[in-house]
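Scroll down for the structure; my scribbles are underneath it.
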Amino acid sequence: MAALRCLFPVLSALFVLSALSGFFASTSSSSVASSSSKSLIVSSSAAASPSPSFAYYISGLRGDGPRLVRLLLAVYHPRNRYLLHLASDASDRERMDLARAVRSRVPASRAFGNVDVLGKPNAATNMGSSVLASVHHATAVMLRLDGGWDWLVTLSAADYPMVSQDDIHAFSSAPREINFIDHTSNIGWKDYHRVQLIVVDPGIYLARRAQIFHATERRPTTESFKFFSGSPWVILSRPFIEFCILGWDNLPRTLLLYFANALIPEESYFHSVACNSHDFQNTTLNSDLRYMVWDNPPQMEPHFLNVSDHDNMVHTGAPFARQFHMDDPVLEKIDREILRRGYNQVVPGGWCTGDGRPWFDPCSKWGDPNLVKPGPRAEKLKELVKKLLEERDSQSGWCK
């Protein structure tokens with residue numbers, strides 16, 4: 001039990017860990033309080049800084065543990081909060097291995113207490129509402145653990161950053177209430193093939209993995225709210241997340257009930273909530289800030305990116321790209337030429353105080369987490385954010 005107890009600072013997601021096969025039943029409540037208090041102290045200092053702080057929800061399926069670790073190394077910064085989730089098709093052993101890998105490869109996470117592995121997994125049925133339920137669970141955990149972050153970023157094991165976390169300082173120019181949601185109400189063919197369909201996700205009520213099934217009847221197009229759809233990958237402000245989870249208006253709960261029986265609800269739920277809310281309909285920027293390559297007409301998923309896409313990815317200035325095969329050579333190129341990340345190391349930033357000797361991890365020692373040193377990619381991202389803000393200001397509102 002001693003070895004398992006030492007993993008608890010990584011697996012410190014409070015109440016969500018109680019179902020991890022009882023492995024941590026003997027761990028004292030004081031251990032939980034210590035880990036959580038440490039992370040909250042860091043977050044409060046981050047909140048006082050002009051640089052934004054991000055909550056990353058990084059999700060994967062069975063066998064994705066190594067990919068989640070690599071992605072964490074590429075986006076880690078002590079100012080941020082991270083929640084890693086392997087869906088219920090993965091074993092408890094995989095979650096334990098993931099926690100061990102985080103603890104050994106990201107030593108700063110032990111000091112700052114800002115990385116958690118979800119101990120009670122959720123289902124992730126393809127095209128089903130269990131995926132949306134998992135995002136809701138993750139956002140509720142993020143709010144419970146840490147009140148200091150500014151934006152929630154959803155990433156999957158197939159994603160990868162195109163900027164360092166110091167470069168993301170470029171978000172400082174954006175109002176903190178802005179939501180980056182690719183969306184439209186011009187849904188076309190989706191009205192018949194998505195909106196009117198009634199589906200049931202067995203992942204909500206079955207322990208084993210199963211496919212969604214369709215009802216024989218269809219439902220009329222919605223009249224009580226306007227239907228919006230777009231990219232499932234979003235960057236959401238903390239005020240909007242609080243609105244969706246705490247819900248001082250009944251709109252988020254009403255739409256959540258509706259989308260429980262919708263196909264691929266993560267492509268429409270947050271979009272429809274934001275654009276039907278008087279408080280948030282003018283806070284959207286019509287972009288998911290991802291570089292993706294689609295067929296025409298688009299298929300269910302974008303192309304897998306490779307080395308031939310590298311120059312275009314760099315040119316766009318997008319902070320994230322998807323999707324990638326595991327350990328594709330283009331990831332090595334991104335690590336080497338853009339992120340300057342060493343093997344099995346986090347991306348170096350202003351907070352790292354190591355001496356920079358060859359093969360020495362510069363982030364094995366650290367100083368002020370609020371010190372940032374943006375690189376040349378930060379200017380590209382700043383230009384992109386400025387352009388999106390100008391486009392938004394030139395419109396009467398994106399939610400159309």
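Just so we're on the same page: first chain in the structure tokens is A, next is B, and so on; residues restart at 1 for each chain, and ligands are numbered from 1 in the order they show up.
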
Filtered DSSP result for stretch 22-250 of chain A, state strand (DSSP E or B), as a count of residues only = 38

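Excluding A:Glu266 and any residue on its chain fewer than 3 positions from it, the residues at most 8 Å away by only C-alpha atoms are Ser129, Val131, Leu132, Pro232, Tyr269 and Phe270 of chain A.
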
Got a sec: who's within 7 Å of stretch 212-226 of chain A, counting only C-alpha atoms, leaving out chain neighbours fewer than 3 positions off, as a PDB file with N, CA and C atoms, in the first residue's frame?
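What follows is the written file part.pdb:
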```
ATOM      1  N   GLY A 128     -22.460   8.851 -28.944  1.00  0.00           N
ATOM      2  CA  GLY A 128     -23.494   8.822 -27.924  1.00  0.00           C
ATOM      3  C   GLY A 128     -23.362   9.937 -26.903  1.00  0.00           C
ATOM      4  N   VAL A 195     -30.867  16.144 -36.061  1.00  0.00           N
ATOM      5  CA  VAL A 195     -31.789  16.800 -35.142  1.00  0.00           C
ATOM      6  C   VAL A 195     -33.028  15.953 -34.876  1.00  0.00           C
ATOM      7  N   GLN A 196     -33.581  15.362 -35.920  1.00  0.00           N
ATOM      8  CA  GLN A 196     -34.834  14.630 -35.778  1.00  0.00           C
ATOM      9  C   GLN A 196     -34.654  13.198 -35.282  1.00  0.00           C
ATOM     10  N   LEU A 197     -33.434  12.704 -35.302  1.00  0.00           N
ATOM     11  CA  LEU A 197     -33.190  11.334 -34.832  1.00  0.00           C
ATOM     12  C   LEU A 197     -33.336  11.246 -33.321  1.00  0.00           C
ATOM     13  N   ILE A 198     -33.818  10.103 -32.863  1.00  0.00           N
ATOM     14  CA  ILE A 198     -33.862   9.799 -31.431  1.00  0.00           C
ATOM     15  C   ILE A 198     -32.993   8.566 -31.206  1.00  0.00           C
ATOM     16  N   VAL A 199     -31.946   8.715 -30.397  1.00  0.00           N
ATOM     17  CA  VAL A 199     -31.027   7.609 -30.156  1.00  0.00           C
ATOM     18  C   VAL A 199     -30.882   7.381 -28.651  1.00  0.00           C
ATOM     19  N   VAL A 200     -30.448   6.188 -28.309  1.00  0.00           N
ATOM     20  CA  VAL A 200     -30.196   5.828 -26.910  1.00  0.00           C
ATOM     21  C   VAL A 200     -28.763   5.322 -26.800  1.00  0.00           C
ATOM     22  N   ASP A 201     -28.035   5.842 -25.831  1.00  0.00           N
ATOM     23  CA  ASP A 201     -26.643   5.446 -25.607  1.00  0.00           C
ATOM     24  C   ASP A 201     -26.595   4.416 -24.479  1.00  0.00           C
ATOM     25  N   PRO A 202     -26.304   3.143 -24.787  1.00  0.00           N
ATOM     26  CA  PRO A 202     -26.227   2.121 -23.733  1.00  0.00           C
ATOM     27  C   PRO A 202     -25.127   2.383 -22.714  1.00  0.00           C
ATOM     28  N   SER A 272     -25.423  25.315 -28.672  1.00  0.00           N
ATOM     29  CA  SER A 272     -26.824  25.719 -28.533  1.00  0.00           C
ATOM     30  C   SER A 272     -27.077  26.442 -27.214  1.00  0.00           C
ATOM     31  N   ASN A 276     -28.307  30.378 -27.288  1.00  0.00           N
ATOM     32  CA  ASN A 276     -29.681  30.598 -26.843  1.00  0.00           C
ATOM     33  C   ASN A 276     -29.747  31.308 -25.495  1.00  0.00           C
TER      34      ASN A 276
END
```

For A:Val163, please output as a PyMOL selection string all residues within 10 Å (counting only C-alpha atoms; exclusion window: fewer than 3 positions along the same chain).
-> chain A and resi 74-75+160+166-168+314+317-320+334-335+338-339+347+374-378+380-381

Output the selection as an mmCIF file, in the first residue's frame - N, CA and C atoms for each residue.
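So the final result, stored in part-v7.cif, reads:
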```cif
data_model
loop_
_atom_site.group_PDB
_atom_site.id
_atom_site.type_symbol
_atom_site.label_atom_id
_atom_site.label_comp_id
_atom_site.auth_asym_id
_atom_site.auth_seq_id
_atom_site.Cartn_x
_atom_site.Cartn_y
_atom_site.Cartn_z
ATOM 1 N N ALA A 74 3.508 17.746 -23.425
ATOM 2 C CA ALA A 74 3.545 18.811 -24.425
ATOM 3 C C ALA A 74 2.748 20.046 -24.010
ATOM 4 N N VAL A 75 1.801 19.904 -23.062
ATOM 5 C CA VAL A 75 0.969 21.049 -22.673
ATOM 6 C C VAL A 75 1.141 21.417 -21.195
ATOM 7 N N TYR A 160 -2.622 17.440 -30.522
ATOM 8 C CA TYR A 160 -1.275 17.852 -30.138
ATOM 9 C C TYR A 160 -1.173 19.366 -30.262
ATOM 10 N N ASP A 166 3.888 28.972 -22.738
ATOM 11 C CA ASP A 166 4.299 30.369 -22.651
ATOM 12 C C ASP A 166 3.767 31.165 -23.840
ATOM 13 N N ASP A 167 3.705 30.524 -25.002
ATOM 14 C CA ASP A 167 3.147 31.192 -26.183
ATOM 15 C C ASP A 167 1.661 31.489 -26.007
ATOM 16 N N ILE A 168 0.968 30.641 -25.243
ATOM 17 C CA ILE A 168 -0.472 30.831 -25.048
ATOM 18 C C ILE A 168 -0.751 32.078 -24.205
ATOM 19 N N VAL A 314 1.832 25.076 -39.257
ATOM 20 C CA VAL A 314 2.590 26.196 -38.705
ATOM 21 C C VAL A 314 2.041 27.521 -39.217
ATOM 22 N N GLY A 317 -1.240 29.329 -37.492
ATOM 23 C CA GLY A 317 -1.157 29.924 -36.173
ATOM 24 C C GLY A 317 -2.062 29.278 -35.145
ATOM 25 N N ALA A 318 -2.792 28.235 -35.534
ATOM 26 C CA ALA A 318 -3.689 27.551 -34.597
ATOM 27 C C ALA A 318 -2.881 26.935 -33.464
ATOM 28 N N PRO A 319 -3.365 27.040 -32.225
ATOM 29 C CA PRO A 319 -2.600 26.497 -31.095
ATOM 30 C C PRO A 319 -2.656 24.979 -30.968
ATOM 31 N N PHE A 320 -3.630 24.327 -31.640
ATOM 32 C CA PHE A 320 -3.755 22.871 -31.556
ATOM 33 C C PHE A 320 -4.057 22.306 -32.942
ATOM 34 N N ILE A 334 7.368 18.351 -34.562
ATOM 35 C CA ILE A 334 6.752 19.418 -33.771
ATOM 36 C C ILE A 334 7.508 19.603 -32.452
ATOM 37 N N ASP A 335 7.826 18.483 -31.787
ATOM 38 C CA ASP A 335 8.583 18.559 -30.533
ATOM 39 C C ASP A 335 9.913 19.260 -30.737
ATOM 40 N N ILE A 338 9.237 23.147 -32.967
ATOM 41 C CA ILE A 338 8.275 24.141 -32.479
ATOM 42 C C ILE A 338 8.287 24.231 -30.956
ATOM 43 N N LEU A 339 8.138 23.085 -30.300
ATOM 44 C CA LEU A 339 8.026 23.089 -28.843
ATOM 45 C C LEU A 339 9.380 23.065 -28.140
ATOM 46 N N VAL A 347 7.651 20.734 -21.994
ATOM 47 C CA VAL A 347 8.120 21.845 -22.829
ATOM 48 C C VAL A 347 8.717 22.926 -21.928
ATOM 49 N N PRO A 374 7.404 34.120 -23.996
ATOM 50 C CA PRO A 374 6.805 33.741 -25.277
ATOM 51 C C PRO A 374 7.836 33.700 -26.393
ATOM 52 N N GLY A 375 7.654 32.749 -27.306
ATOM 53 C CA GLY A 375 8.523 32.615 -28.459
ATOM 54 C C GLY A 375 7.883 33.193 -29.706
ATOM 55 N N PRO A 376 8.487 32.941 -30.875
ATOM 56 C CA PRO A 376 7.955 33.504 -32.133
ATOM 57 C C PRO A 376 6.561 33.003 -32.476
ATOM 58 N N ARG A 377 6.195 31.794 -32.033
ATOM 59 C CA ARG A 377 4.858 31.286 -32.314
ATOM 60 C C ARG A 377 3.781 32.087 -31.583
ATOM 61 N N ALA A 378 4.151 32.754 -30.503
ATOM 62 C CA ALA A 378 3.180 33.545 -29.752
ATOM 63 C C ALA A 378 2.639 34.691 -30.592
ATOM 64 N N LYS A 380 2.270 34.738 -33.840
ATOM 65 C CA LYS A 380 1.330 34.170 -34.813
ATOM 66 C C LYS A 380 -0.022 33.916 -34.159
ATOM 67 N N LEU A 381 -0.005 33.370 -32.955
ATOM 68 C CA LEU A 381 -1.244 33.104 -32.239
ATOM 69 C C LEU A 381 -1.922 34.421 -31.852
#
```

Filtered DSSP result for stretch 65-302 of chain A, state alpha helix (DSSP H), as a VMD selection string | chain A and resid 65 to 75 92 to 105 107 to 112 129 to 145 190 238 to 246 251 to 259 269 to 276
